[in-house]
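The file run03.pdb comes next; it holds PDB, C-alpha atoms, pLDDT in the B column.
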```
ATOM      1  CA  MET K  99     -99.633 108.960  -8.005  1.00 48.00           C
ATOM      2  CA  LYS K 100     -96.640 107.634  -9.925  1.00 54.00           C
ATOM      3  CA  SER K 101     -93.264 109.235  -9.298  1.00 61.00           C
ATOM      4  CA  VAL K 102     -91.570 111.241 -12.023  1.00 66.00           C
ATOM      5  CA  ILE K 103     -89.096 109.336 -14.191  1.00 69.00           C
ATOM      6  CA  GLU K 104     -85.778 111.111 -13.792  1.00 72.00           C
ATOM      7  CA  LEU K 105     -83.621 111.470 -16.904  1.00 72.00           C
ATOM      8  CA  GLY K 106     -80.042 110.468 -16.234  1.00 76.00           C
ATOM      9  CA  PHE K 107     -76.881 111.487 -18.055  1.00 73.00           C
ATOM     10  CA  TRP K 108     -77.005 108.690 -20.625  1.00 79.00           C
ATOM     11  CA  GLN K 109     -80.684 109.290 -21.304  1.00 80.00           C
ATOM     12  CA  MET K 110     -79.994 112.957 -21.977  1.00 80.00           C
ATOM     13  CA  PHE K 111     -77.000 111.969 -24.098  1.00 80.00           C
ATOM     14  CA  ALA K 112     -79.268 109.690 -26.142  1.00 84.00           C
ATOM     15  CA  ALA K 113     -81.621 112.626 -26.785  1.00 85.00           C
ATOM     16  CA  TYR K 114     -78.796 114.422 -28.599  1.00 86.00           C
ATOM     17  CA  LEU K 115     -78.626 111.571 -31.069  1.00 87.00           C
ATOM     18  CA  PHE K 116     -81.600 113.260 -32.730  1.00 86.00           C
ATOM     19  CA  VAL K 117     -79.370 116.273 -33.397  1.00 86.00           C
ATOM     20  CA  VAL K 118     -76.669 114.041 -34.886  1.00 87.00           C
ATOM     21  CA  ILE K 119     -79.238 112.315 -37.111  1.00 88.00           C
ATOM     22  CA  LEU K 120     -80.596 115.678 -38.261  1.00 85.00           C
ATOM     23  CA  MET K 121     -77.109 116.954 -39.074  1.00 85.00           C
ATOM     24  CA  ILE K 122     -76.396 113.814 -41.097  1.00 87.00           C
ATOM     25  CA  ILE K 123     -79.645 114.251 -43.040  1.00 88.00           C
ATOM     26  CA  VAL K 124     -79.039 117.913 -43.919  1.00 84.00           C
ATOM     27  CA  LYS K 125     -75.457 117.045 -44.862  1.00 83.00           C
ATOM     28  CA  ILE K 126     -76.585 114.291 -47.221  1.00 86.00           C
ATOM     29  CA  LYS K 127     -79.245 116.554 -48.735  1.00 80.00           C
ATOM     30  CA  GLY K 128     -76.685 119.296 -49.280  1.00 82.00           C
ATOM     31  CA  ILE K 129     -78.567 121.785 -47.116  1.00 80.00           C
ATOM     32  CA  PRO K 130     -76.035 124.189 -45.547  1.00 81.00           C
ATOM     33  CA  ARG K 131     -77.564 124.228 -42.093  1.00 79.00           C
ATOM     34  CA  GLU K 132     -75.271 121.983 -40.058  1.00 80.00           C
ATOM     35  CA  LYS K 133     -73.725 124.943 -38.259  1.00 82.00           C
ATOM     36  CA  GLU K 134     -77.092 126.470 -37.372  1.00 84.00           C
ATOM     37  CA  VAL K 135     -78.422 123.141 -36.064  1.00 84.00           C
ATOM     38  CA  LEU K 136     -75.346 122.557 -33.908  1.00 86.00           C
ATOM     39  CA  LEU K 137     -75.095 126.107 -32.558  1.00 89.00           C
ATOM     40  CA  SER K 138     -78.823 126.334 -31.797  1.00 89.00           C
ATOM     41  CA  SER K 139     -78.696 123.018 -29.923  1.00 89.00           C
ATOM     42  CA  ILE K 140     -75.693 124.110 -27.875  1.00 91.00           C
ATOM     43  CA  ARG K 141     -77.161 127.529 -27.177  1.00 90.00           C
ATOM     44  CA  MET K 142     -80.507 126.026 -26.147  1.00 89.00           C
ATOM     45  CA  THR K 143     -78.789 123.600 -23.784  1.00 91.00           C
ATOM     46  CA  LEU K 144     -76.624 126.245 -22.101  1.00 92.00           C
ATOM     47  CA  GLN K 145     -79.514 128.710 -21.774  1.00 89.00           C
ATOM     48  CA  LEU K 146     -81.797 126.128 -20.184  1.00 89.00           C
ATOM     49  CA  ILE K 147     -79.111 124.904 -17.781  1.00 90.00           C
ATOM     50  CA  ILE K 148     -78.418 128.464 -16.643  1.00 92.00           C
ATOM     51  CA  ALA K 149     -82.156 129.167 -16.407  1.00 89.00           C
ATOM     52  CA  GLY K 150     -82.611 126.007 -14.329  1.00 90.00           C
ATOM     53  CA  PHE K 151     -80.049 127.057 -11.717  1.00 92.00           C
ATOM     54  CA  ILE K 152     -81.486 130.581 -11.601  1.00 91.00           C
ATOM     55  CA  LEU K 153     -85.026 129.253 -11.102  1.00 90.00           C
ATOM     56  CA  VAL K 154     -83.903 126.930  -8.318  1.00 92.00           C
ATOM     57  CA  TYR K 155     -82.363 129.905  -6.512  1.00 93.00           C
ATOM     58  CA  LEU K 156     -85.417 132.111  -7.095  1.00 91.00           C
ATOM     59  CA  PHE K 157     -87.842 129.424  -5.914  1.00 90.00           C
ATOM     60  CA  GLU K 158     -85.813 128.955  -2.737  1.00 91.00           C
ATOM     61  CA  ASN K 159     -85.436 132.712  -2.198  1.00 91.00           C
ATOM     62  CA  PRO K 160     -88.676 134.381  -3.366  1.00 92.00           C
ATOM     63  CA  SER K 161     -88.426 138.165  -3.577  1.00 93.00           C
ATOM     64  CA  PRO K 162     -90.431 140.834  -5.423  1.00 93.00           C
ATOM     65  CA  PHE K 163     -87.166 142.478  -6.481  1.00 94.00           C
ATOM     66  CA  TYR K 164     -85.832 139.283  -8.085  1.00 93.00           C
ATOM     67  CA  THR K 165     -89.165 138.607  -9.767  1.00 93.00           C
ATOM     68  CA  LEU K 166     -89.421 142.118 -11.204  1.00 94.00           C
ATOM     69  CA  ALA K 167     -85.782 141.970 -12.324  1.00 94.00           C
ATOM     70  CA  ILE K 168     -86.478 138.777 -14.273  1.00 93.00           C
ATOM     71  CA  LEU K 169     -89.581 140.383 -15.814  1.00 95.00           C
ATOM     72  CA  ILE K 170     -87.566 143.421 -16.929  1.00 95.00           C
ATOM     73  CA  ILE K 171     -84.884 141.186 -18.434  1.00 94.00           C
ATOM     74  CA  MET K 172     -87.497 139.197 -20.378  1.00 94.00           C
ATOM     75  CA  GLU K 173     -89.153 142.368 -21.656  1.00 96.00           C
ATOM     76  CA  VAL K 174     -85.846 143.922 -22.755  1.00 96.00           C
ATOM     77  CA  PHE K 175     -84.819 140.722 -24.523  1.00 94.00           C
ATOM     78  CA  ALA K 176     -88.210 140.469 -26.248  1.00 94.00           C
ATOM     79  CA  VAL K 177     -87.958 144.027 -27.591  1.00 95.00           C
ATOM     80  CA  TYR K 178     -84.358 143.487 -28.682  1.00 94.00           C
ATOM     81  CA  ASN K 179     -85.203 140.182 -30.367  1.00 92.00           C
ATOM     82  CA  VAL K 180     -88.107 141.657 -32.355  1.00 93.00           C
ATOM     83  CA  ILE K 181     -85.957 144.538 -33.608  1.00 93.00           C
ATOM     84  CA  LYS K 182     -83.047 142.237 -34.416  1.00 91.00           C
ATOM     85  CA  ARG K 183     -85.164 139.680 -36.286  1.00 87.00           C
ATOM     86  CA  THR K 184     -86.714 142.349 -38.505  1.00 85.00           C
ATOM     87  CA  LYS K 185     -84.430 142.480 -41.531  1.00 80.00           C
ATOM     88  CA  LYS K 186     -85.559 145.933 -42.621  1.00 81.00           C
ATOM     89  CA  LYS K 187     -84.072 149.093 -41.153  1.00 84.00           C
ATOM     90  CA  LEU K 188     -86.427 150.493 -38.531  1.00 88.00           C
ATOM     91  CA  SER K 189     -86.801 154.138 -37.558  1.00 88.00           C
ATOM     92  CA  LYS K 190     -86.515 155.290 -33.947  1.00 91.00           C
ATOM     93  CA  LYS K 191     -90.249 155.908 -33.913  1.00 91.00           C
ATOM     94  CA  MET K 192     -90.907 152.350 -35.067  1.00 93.00           C
ATOM     95  CA  LYS K 193     -88.579 150.923 -32.416  1.00 94.00           C
ATOM     96  CA  ARG K 194     -90.377 153.018 -29.820  1.00 95.00           C
ATOM     97  CA  ALA K 195     -93.737 151.708 -31.044  1.00 94.00           C
ATOM     98  CA  ILE K 196     -92.484 148.125 -30.755  1.00 95.00           C
ATOM     99  CA  SER K 197     -91.193 148.722 -27.221  1.00 95.00           C
ATOM    100  CA  ILE K 198     -94.377 150.388 -25.988  1.00 96.00           C
ATOM    101  CA  SER K 199     -96.577 147.712 -27.555  1.00 95.00           C
ATOM    102  CA  ILE K 200     -94.711 144.720 -26.143  1.00 95.00           C
ATOM    103  CA  ILE K 201     -94.270 146.125 -22.640  1.00 96.00           C
ATOM    104  CA  THR K 202     -97.787 147.526 -22.299  1.00 95.00           C
ATOM    105  CA  GLY K 203     -99.529 144.529 -23.874  1.00 94.00           C
ATOM    106  CA  THR K 204     -97.638 141.802 -22.036  1.00 96.00           C
ATOM    107  CA  VAL K 205     -97.500 143.446 -18.600  1.00 95.00           C
ATOM    108  CA  SER K 206    -101.254 144.140 -18.732  1.00 94.00           C
ATOM    109  CA  SER K 207    -101.960 140.530 -19.710  1.00 93.00           C
ATOM    110  CA  ILE K 208     -99.615 139.127 -17.035  1.00 94.00           C
ATOM    111  CA  LEU K 209    -101.237 141.159 -14.270  1.00 92.00           C
ATOM    112  CA  LEU K 210    -104.720 140.246 -15.482  1.00 91.00           C
ATOM    113  CA  PHE K 211    -103.836 136.543 -15.624  1.00 90.00           C
ATOM    114  CA  LEU K 212    -102.116 136.392 -12.227  1.00 90.00           C
ATOM    115  CA  PHE K 213    -104.568 138.519 -10.251  1.00 89.00           C
ATOM    116  CA  MET K 214    -107.891 137.526 -11.820  1.00 88.00           C
ATOM    117  CA  ILE K 215    -107.390 133.941 -12.981  1.00 87.00           C
ATOM    118  CA  VAL K 216    -104.660 132.248 -10.950  1.00 85.00           C
ATOM    119  CA  ARG K 217    -104.972 134.648  -7.990  1.00 87.00           C
ATOM    120  CA  VAL K 218    -101.503 133.714  -6.813  1.00 85.00           C
ATOM    121  CA  LYS K 219    -100.376 134.835  -3.359  1.00 86.00           C
ATOM    122  CA  PRO K 220     -97.969 136.457  -2.877  1.00 88.00           C
ATOM    123  CA  TRP K 221     -98.163 138.120  -6.284  1.00 86.00           C
ATOM    124  CA  PHE K 222     -94.409 137.772  -6.862  1.00 89.00           C
ATOM    125  CA  ASN K 223     -94.387 133.990  -6.304  1.00 92.00           C
ATOM    126  CA  PRO K 224     -91.707 133.020  -8.879  1.00 91.00           C
ATOM    127  CA  GLN K 225     -93.152 129.524  -9.352  1.00 88.00           C
ATOM    128  CA  TYR K 226     -96.148 131.089 -11.115  1.00 90.00           C
ATOM    129  CA  PHE K 227     -95.019 134.576 -12.092  1.00 93.00           C
ATOM    130  CA  ILE K 228     -91.927 133.662 -14.104  1.00 92.00           C
ATOM    131  CA  PRO K 229     -93.233 130.695 -16.192  1.00 90.00           C
ATOM    132  CA  ILE K 230     -96.528 132.434 -16.982  1.00 91.00           C
ATOM    133  CA  SER K 231     -94.768 135.686 -17.865  1.00 94.00           C
ATOM    134  CA  GLY K 232     -92.346 133.786 -20.074  1.00 92.00           C
ATOM    135  CA  MET K 233     -95.125 132.103 -22.030  1.00 91.00           C
ATOM    136  CA  LEU K 234     -97.094 135.313 -22.543  1.00 94.00           C
ATOM    137  CA  ILE K 235     -94.057 137.400 -23.475  1.00 95.00           C
ATOM    138  CA  GLY K 236     -92.576 134.700 -25.714  1.00 93.00           C
ATOM    139  CA  ASN K 237     -95.734 134.195 -27.742  1.00 93.00           C
ATOM    140  CA  SER K 238     -96.353 137.944 -27.974  1.00 94.00           C
ATOM    141  CA  MET K 239     -92.775 138.410 -29.171  1.00 94.00           C
ATOM    142  CA  THR K 240     -93.297 135.864 -31.940  1.00 92.00           C
ATOM    143  CA  GLY K 241     -96.621 137.382 -32.970  1.00 93.00           C
ATOM    144  CA  ILE K 242     -95.450 140.971 -33.063  1.00 94.00           C
ATOM    145  CA  THR K 243     -92.319 139.959 -35.011  1.00 94.00           C
ATOM    146  CA  LEU K 244     -94.563 138.621 -37.768  1.00 94.00           C
ATOM    147  CA  GLY K 245     -96.698 141.751 -37.569  1.00 94.00           C
ATOM    148  CA  VAL K 246     -93.715 144.100 -37.782  1.00 93.00           C
ATOM    149  CA  THR K 247     -92.282 142.259 -40.784  1.00 93.00           C
ATOM    150  CA  LYS K 248     -95.614 142.295 -42.620  1.00 93.00           C
ATOM    151  CA  LEU K 249     -96.317 145.962 -41.850  1.00 93.00           C
ATOM    152  CA  VAL K 250     -92.862 147.162 -42.894  1.00 91.00           C
ATOM    153  CA  ASP K 251     -92.820 145.101 -46.106  1.00 92.00           C
ATOM    154  CA  ASP K 252     -96.310 146.183 -47.165  1.00 91.00           C
ATOM    155  CA  MET K 253     -95.754 149.850 -46.374  1.00 90.00           C
ATOM    156  CA  GLU K 254     -92.776 149.805 -48.720  1.00 88.00           C
ATOM    157  CA  SER K 255     -94.273 147.668 -51.487  1.00 89.00           C
ATOM    158  CA  LYS K 256     -97.671 149.425 -51.424  1.00 88.00           C
ATOM    159  CA  ARG K 257     -96.457 152.974 -51.017  1.00 87.00           C
ATOM    160  CA  ASP K 258     -97.964 154.040 -54.337  1.00 88.00           C
ATOM    161  CA  PHE K 259    -101.344 152.669 -53.290  1.00 87.00           C
ATOM    162  CA  VAL K 260    -101.216 154.573 -49.996  1.00 86.00           C
ATOM    163  CA  GLU K 261    -100.175 157.817 -51.673  1.00 86.00           C
ATOM    164  CA  ALA K 262    -102.972 157.464 -54.231  1.00 88.00           C
ATOM    165  CA  ALA K 263    -105.511 156.981 -51.446  1.00 87.00           C
ATOM    166  CA  LEU K 264    -104.205 160.074 -49.657  1.00 83.00           C
ATOM    167  CA  MET K 265    -104.474 162.131 -52.850  1.00 86.00           C
ATOM    168  CA  LEU K 266    -108.096 161.069 -53.197  1.00 83.00           C
ATOM    169  CA  GLY K 267    -108.859 162.411 -49.743  1.00 84.00           C
ATOM    170  CA  ALA K 268    -108.416 159.352 -47.546  1.00 84.00           C
ATOM    171  CA  THR K 269    -107.053 159.777 -44.035  1.00 87.00           C
ATOM    172  CA  PRO K 270    -103.799 157.990 -43.123  1.00 85.00           C
ATOM    173  CA  LYS K 271    -105.821 155.423 -41.156  1.00 88.00           C
ATOM    174  CA  MET K 272    -108.110 154.729 -44.102  1.00 89.00           C
ATOM    175  CA  SER K 273    -105.249 154.547 -46.599  1.00 89.00           C
ATOM    176  CA  VAL K 274    -103.414 151.811 -44.680  1.00 90.00           C
ATOM    177  CA  LYS K 275    -106.398 149.823 -43.387  1.00 90.00           C
ATOM    178  CA  GLU K 276    -105.696 146.870 -45.682  1.00 92.00           C
ATOM    179  CA  ILE K 277    -102.012 146.879 -44.695  1.00 93.00           C
ATOM    180  CA  VAL K 278    -102.805 147.120 -40.973  1.00 93.00           C
ATOM    181  CA  ASP K 279    -105.354 144.310 -41.201  1.00 93.00           C
ATOM    182  CA  GLY K 280    -102.819 142.129 -43.008  1.00 93.00           C
ATOM    183  CA  ALA K 281    -100.185 142.776 -40.340  1.00 94.00           C
ATOM    184  CA  PHE K 282    -102.655 141.924 -37.594  1.00 94.00           C
ATOM    185  CA  ASP K 283    -103.660 138.690 -39.339  1.00 93.00           C
ATOM    186  CA  SER K 284    -100.026 137.657 -39.785  1.00 93.00           C
ATOM    187  CA  ALA K 285     -99.401 138.134 -36.081  1.00 93.00           C
ATOM    188  CA  ILE K 286    -102.513 136.448 -34.704  1.00 93.00           C
ATOM    189  CA  ILE K 287    -103.122 133.536 -37.113  1.00 92.00           C
ATOM    190  CA  PRO K 288    -100.322 131.262 -35.745  1.00 89.00           C
ATOM    191  CA  THR K 289    -101.842 131.491 -32.254  1.00 90.00           C
ATOM    192  CA  ILE K 290    -105.329 130.754 -33.566  1.00 90.00           C
ATOM    193  CA  ASN K 291    -104.061 127.817 -35.627  1.00 87.00           C
ATOM    194  CA  SER K 292    -102.343 126.292 -32.602  1.00 85.00           C
ATOM    195  CA  MET K 293    -105.557 126.627 -30.587  1.00 86.00           C
ATOM    196  CA  VAL K 294    -107.594 124.930 -33.327  1.00 84.00           C
ATOM    197  CA  GLY K 295    -105.310 121.878 -33.426  1.00 80.00           C
ATOM    198  CA  MET K 296    -104.755 121.656 -29.692  1.00 77.00           C
ATOM    199  CA  GLY K 297    -106.073 118.484 -28.048  1.00 71.00           C
ATOM    200  CA  ILE K 298    -106.700 116.744 -31.386  1.00 70.00           C
ATOM    201  CA  VAL K 299    -103.567 117.156 -33.480  1.00 65.00           C
ATOM    202  CA  PHE K 300    -101.162 117.618 -30.558  1.00 65.00           C
ATOM    203  CA  LEU K 301    -100.876 118.085 -26.799  1.00 66.00           C
ATOM    204  CA  PRO K 302     -99.202 121.401 -25.926  1.00 69.00           C
ATOM    205  CA  GLY K 303     -95.893 121.516 -24.081  1.00 70.00           C
ATOM    206  CA  MET K 304     -97.197 122.982 -20.825  1.00 69.00           C
ATOM    207  CA  MET K 305     -99.919 120.353 -20.504  1.00 71.00           C
ATOM    208  CA  THR K 306     -97.544 117.528 -21.442  1.00 72.00           C
ATOM    209  CA  GLY K 307     -95.002 118.705 -18.894  1.00 73.00           C
ATOM    210  CA  GLN K 308     -97.565 118.824 -16.114  1.00 74.00           C
ATOM    211  CA  ILE K 309     -98.883 115.360 -16.939  1.00 73.00           C
ATOM    212  CA  LEU K 310     -95.357 113.912 -17.031  1.00 71.00           C
ATOM    213  CA  SER K 311     -94.671 115.503 -13.642  1.00 72.00           C
ATOM    214  CA  GLY K 312     -97.643 113.658 -12.133  1.00 73.00           C
ATOM    215  CA  VAL K 313    -100.349 116.339 -12.244  1.00 78.00           C
ATOM    216  CA  SER K 314    -103.889 115.179 -12.970  1.00 82.00           C
ATOM    217  CA  PRO K 315    -104.755 115.512 -16.700  1.00 81.00           C
ATOM    218  CA  ILE K 316    -107.881 117.487 -15.727  1.00 84.00           C
ATOM    219  CA  THR K 317    -105.819 120.008 -13.757  1.00 83.00           C
ATOM    220  CA  ALA K 318    -103.309 120.197 -16.612  1.00 82.00           C
ATOM    221  CA  ILE K 319    -106.135 120.840 -19.073  1.00 85.00           C
ATOM    222  CA  GLU K 320    -107.559 123.620 -16.900  1.00 85.00           C
ATOM    223  CA  TYR K 321    -104.208 125.374 -16.753  1.00 85.00           C
ATOM    224  CA  GLN K 322    -103.638 124.870 -20.478  1.00 85.00           C
ATOM    225  CA  ILE K 323    -106.997 126.384 -21.401  1.00 87.00           C
ATOM    226  CA  ALA K 324    -106.350 129.351 -19.119  1.00 88.00           C
ATOM    227  CA  ILE K 325    -102.818 129.970 -20.412  1.00 88.00           C
ATOM    228  CA  MET K 326    -103.878 129.683 -24.060  1.00 88.00           C
ATOM    229  CA  LEU K 327    -106.613 132.261 -23.535  1.00 90.00           C
ATOM    230  CA  GLY K 328    -104.039 134.411 -21.762  1.00 91.00           C
ATOM    231  CA  ILE K 329    -101.668 134.047 -24.705  1.00 91.00           C
ATOM    232  CA  LEU K 330    -104.461 134.948 -27.117  1.00 92.00           C
ATOM    233  CA  ILE K 331    -105.246 138.091 -25.135  1.00 93.00           C
ATOM    234  CA  SER K 332    -101.579 139.049 -24.843  1.00 94.00           C
ATOM    235  CA  VAL K 333    -100.783 138.538 -28.536  1.00 94.00           C
ATOM    236  CA  THR K 334    -103.959 140.330 -29.605  1.00 94.00           C
ATOM    237  CA  LEU K 335    -103.473 143.312 -27.304  1.00 94.00           C
ATOM    238  CA  THR K 336     -99.787 143.640 -28.155  1.00 95.00           C
ATOM    239  CA  THR K 337    -100.453 143.457 -31.890  1.00 94.00           C
ATOM    240  CA  ILE K 338    -103.360 145.916 -31.831  1.00 94.00           C
ATOM    241  CA  LEU K 339    -101.213 148.416 -29.966  1.00 95.00           C
ATOM    242  CA  PHE K 340     -98.366 147.936 -32.409  1.00 94.00           C
ATOM    243  CA  VAL K 341    -100.276 148.219 -35.687  1.00 93.00           C
ATOM    244  CA  ASN K 342    -101.970 151.396 -34.478  1.00 91.00           C
ATOM    245  CA  LEU K 343     -98.730 152.948 -33.266  1.00 93.00           C
ATOM    246  CA  GLY K 344     -96.638 151.469 -36.068  1.00 91.00           C
ATOM    247  CA  TYR K 345     -98.494 152.797 -39.093  1.00 90.00           C
ATOM    248  CA  ASN K 346     -98.439 156.318 -37.636  1.00 88.00           C
ATOM    249  CA  THR K 347     -94.636 156.322 -37.769  1.00 90.00           C
ATOM    250  CA  TYR K 348     -94.889 156.479 -41.577  1.00 87.00           C
ATOM    251  CA  PHE K 349     -96.780 159.782 -41.611  1.00 86.00           C
ATOM    252  CA  ASN K 350     -95.740 163.304 -40.677  1.00 78.00           C
ATOM    253  CA  GLU K 351     -97.870 165.989 -39.034  1.00 76.00           C
ATOM    254  CA  GLU K 352     -99.287 167.022 -42.427  1.00 72.00           C
ATOM    255  CA  CYS K 353    -100.538 163.428 -42.989  1.00 69.00           C
ATOM    256  CA  GLN K 354     -97.935 162.893 -45.688  1.00 73.00           C
ATOM    257  CA  ILE K 355     -96.208 159.550 -46.039  1.00 74.00           C
ATOM    258  CA  ASN K 356     -92.521 159.804 -45.152  1.00 72.00           C
ATOM    259  CA  ILE K 357     -91.007 156.465 -46.105  1.00 63.00           C
TER     260      ILE K 357
END
```

Written as structure tokens, that's how I'd like the structure from this file.
Amino acid sequence: MKSVIELGFWQMFAAYLFVVILMIIVKIKGIPREKEVLLSSIRMTLQLIIAGFILVYLFENPSPFYTLAILIIMEVFAVYNVIKRTKKKLSKKMKRAISISIITGTVSSILLFLFMIVRVKPWFNPQYFIPISGMLIGNSMTGITLGVTKLVDDMESKRDFVEAALMLGATPKMSVKEIVDGAFDSAIIPTINSMVGMGIVFLPGMMTGQILSGVSPITAIEYQIAIMLGILISVTLTTILFVNLGYNTYFNEECQINI
């Protein structure tokens, strides 16, 4: 087995030349995104460095309390990020629906993946628990953000359609079925598209990282298949919970729309 090629300071410095090149290109093209490119690169670097030191400590000092604390932090950040990235003003009920959906969907998927697929022992082993949780929560966060945006936009733009359906005797669920289906599609399609192109168009990051670290490609493939199916389950479950809880926030007890 070949040893891992370590990246030294100058090699890492060379990687940032890509950022400089990108900033030059957007500057020449007159695209006002230099600040965003620079800040995102700096933020990414600092976050990963901090995360690296934290993971080293957690791996050397495994504890269920530390592991659960990290899980809570990831869940809180995911909920906050979804709410923040939604440009529309959200009601308290909608925020509650987002929180319940993300936490319930991701925690259920994490436990299912760790206990039934990986069967890691002890269950709080940070080497498995934290990376797997991060991938499931991160992808679910992205999916539900798309679903929230689509649901909120369509409920506002198609209010007349919904009200007309209600006047004709449709139930709230029936009147928003097209909107709910559209929100679900928006959330789940990116995950499905990535699965379709995986292995032919590109090699996913997790698999690439394992191969570069010296793991057998077959083992890396097995883990990648398992994690992608886990992501699919997590995104699907989270989104289904949200669209069913989310659309109800637009109706009162008399089944009247209250946008």

With only C-alpha atoms as the counted atoms, please give the residues lying no more than 12 Å from Tyr345 in chain K, apart from itself and same-chain residues fewer than 6 positions off, as a compact mmCIF listing (two decimals) with C-alpha atoms, keeping the file's coordinate frame.
```
# COMPACT_ATOMS: atom_id res chain seq x y z
CA SER K 189 -86.80 154.14 -37.56
CA LYS K 191 -90.25 155.91 -33.91
CA MET K 192 -90.91 152.35 -35.07
CA ALA K 195 -93.74 151.71 -31.04
CA ILE K 196 -92.48 148.12 -30.76
CA GLY K 245 -96.70 141.75 -37.57
CA VAL K 246 -93.72 144.10 -37.78
CA LYS K 248 -95.61 142.29 -42.62
CA LEU K 249 -96.32 145.96 -41.85
CA VAL K 250 -92.86 147.16 -42.89
CA ASP K 251 -92.82 145.10 -46.11
CA ASP K 252 -96.31 146.18 -47.16
CA MET K 253 -95.75 149.85 -46.37
CA GLU K 254 -92.78 149.80 -48.72
CA VAL K 260 -101.22 154.57 -50.00
CA PRO K 270 -103.80 157.99 -43.12
CA LYS K 271 -105.82 155.42 -41.16
CA MET K 272 -108.11 154.73 -44.10
CA SER K 273 -105.25 154.55 -46.60
CA VAL K 274 -103.41 151.81 -44.68
CA LYS K 275 -106.40 149.82 -43.39
CA GLU K 276 -105.70 146.87 -45.68
CA ILE K 277 -102.01 146.88 -44.70
CA VAL K 278 -102.80 147.12 -40.97
CA ASP K 279 -105.35 144.31 -41.20
CA ALA K 281 -100.18 142.78 -40.34
CA PHE K 282 -102.66 141.92 -37.59
CA THR K 337 -100.45 143.46 -31.89
CA ILE K 338 -103.36 145.92 -31.83
CA LEU K 339 -101.21 148.42 -29.97
CA CYS K 353 -100.54 163.43 -42.99
CA ILE K 355 -96.21 159.55 -46.04
CA ASN K 356 -92.52 159.80 -45.15
CA ILE K 357 -91.01 156.46 -46.10
```

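Counting all atoms listed in the file, the residue from K:Gly344, K:Gln354, K:Ile228, K:Ile325 that sits nearest to Lys190 in chain K is K:Gly344.
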
Work out how far apart CA of Asn342 in chain K and CA of Met172 in chain K are and give it in Å to one decimal. 23.6 Å

Could you state which residues are captured by the PyMOL selection byres ((chain K and resi 139-152) around 12) in this file, as number ranges by chain? K: 110-111, 113-118, 120-121, 132-138, 153-160, 164-165, 168, 224-225, 228-229, 232

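Of the residues under consideration (K:Pro315, K:Leu166, K:Met296, K:Leu335), K:Leu335 shows the shortest atom-to-atom contact distance to Ser207 in chain K when counting all atoms listed in the file.
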
Given all atoms listed in the file as the counted atoms, nearest of K:Val333, K:Phe211, K:Gly106, K:Thr247 to Ser231 in chain K: K:Phe211

Adding 5 Å on each side of the box along x, y and z that holds all listed atoms of range 175-191 of chain K, could you give its centre and edge lengths in Å to one decimal, as lines of an AutoDock Vina configuration file?
```
center_x = -86.6
center_y = 147.8
center_z = -33.6
size_x = 17.2
size_y = 26.2
size_z = 28.1
```

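Take CA of Thr317 in chain K and CA of Ile287 in chain K: the distance between them is 27.1 Å.
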
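Atom to atom, CA of Gly328 in chain K and CA of Asn179 in chain K stand 21.5 Å apart.
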
The PyMOL selection byres ((chain K and resi 289) around 12) on the file shown: which residues, as a ChimeraX atom specification? /K:234,236-242,244,282-288,290-296,325-334

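Minimum atom-to-atom distance to Tyr178 in chain K, evaluated using only C-alpha atoms, belongs to K:Thr243 out of K:Asn223, K:Val216, K:Ser314, K:Thr243.
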
Ala318 in chain K surroundings by all atoms listed in the file, 9 Å radius, close-in-sequence under 6 positions cut, as number ranges by chain: K: 304-309

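Closest approach to Ile201 in chain K from the set K:Phe340, K:Phe259, K:Val313, K:Ala268 is made by K:Phe340, with distances taken over all atoms listed in the file.
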
Expected file for range 128-137 of chain K keeping N, CA and C atoms, as a tab-separated table (two decimals), in the first residue's frame:
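Output contents, as saved in selection_28.tsv:
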```
chain	number	residue	atom	x	y	z
K	128	GLY	N	-15.97	41.88	-15.26
K	128	GLY	CA	-16.83	42.88	-14.66
K	128	GLY	C	-17.91	42.30	-13.78
K	129	ILE	N	-17.68	41.09	-13.26
K	129	ILE	CA	-18.66	40.45	-12.38
K	129	ILE	C	-18.31	40.84	-10.93
K	130	PRO	N	-19.18	41.52	-10.23
K	130	PRO	CA	-18.87	41.99	-8.88
K	130	PRO	C	-18.94	40.89	-7.82
K	131	ARG	N	-18.02	39.96	-7.92
K	131	ARG	CA	-18.02	38.84	-6.97
K	131	ARG	C	-16.65	38.60	-6.35
K	132	GLU	N	-15.73	39.55	-6.51
K	132	GLU	CA	-14.40	39.34	-5.95
K	132	GLU	C	-14.45	39.19	-4.43
K	133	LYS	N	-15.26	40.04	-3.79
K	133	LYS	CA	-15.36	40.01	-2.34
K	133	LYS	C	-15.91	38.68	-1.85
K	134	GLU	N	-16.97	38.19	-2.51
K	134	GLU	CA	-17.57	36.93	-2.11
K	134	GLU	C	-16.60	35.77	-2.27
K	135	VAL	N	-15.85	35.76	-3.38
K	135	VAL	CA	-14.88	34.69	-3.63
K	135	VAL	C	-13.80	34.69	-2.55
K	136	LEU	N	-13.28	35.88	-2.24
K	136	LEU	CA	-12.21	35.99	-1.25
K	136	LEU	C	-12.71	35.60	0.15
K	137	LEU	N	-13.85	36.17	0.55
K	137	LEU	CA	-14.37	35.90	1.89
K	137	LEU	C	-14.75	34.43	2.07
```
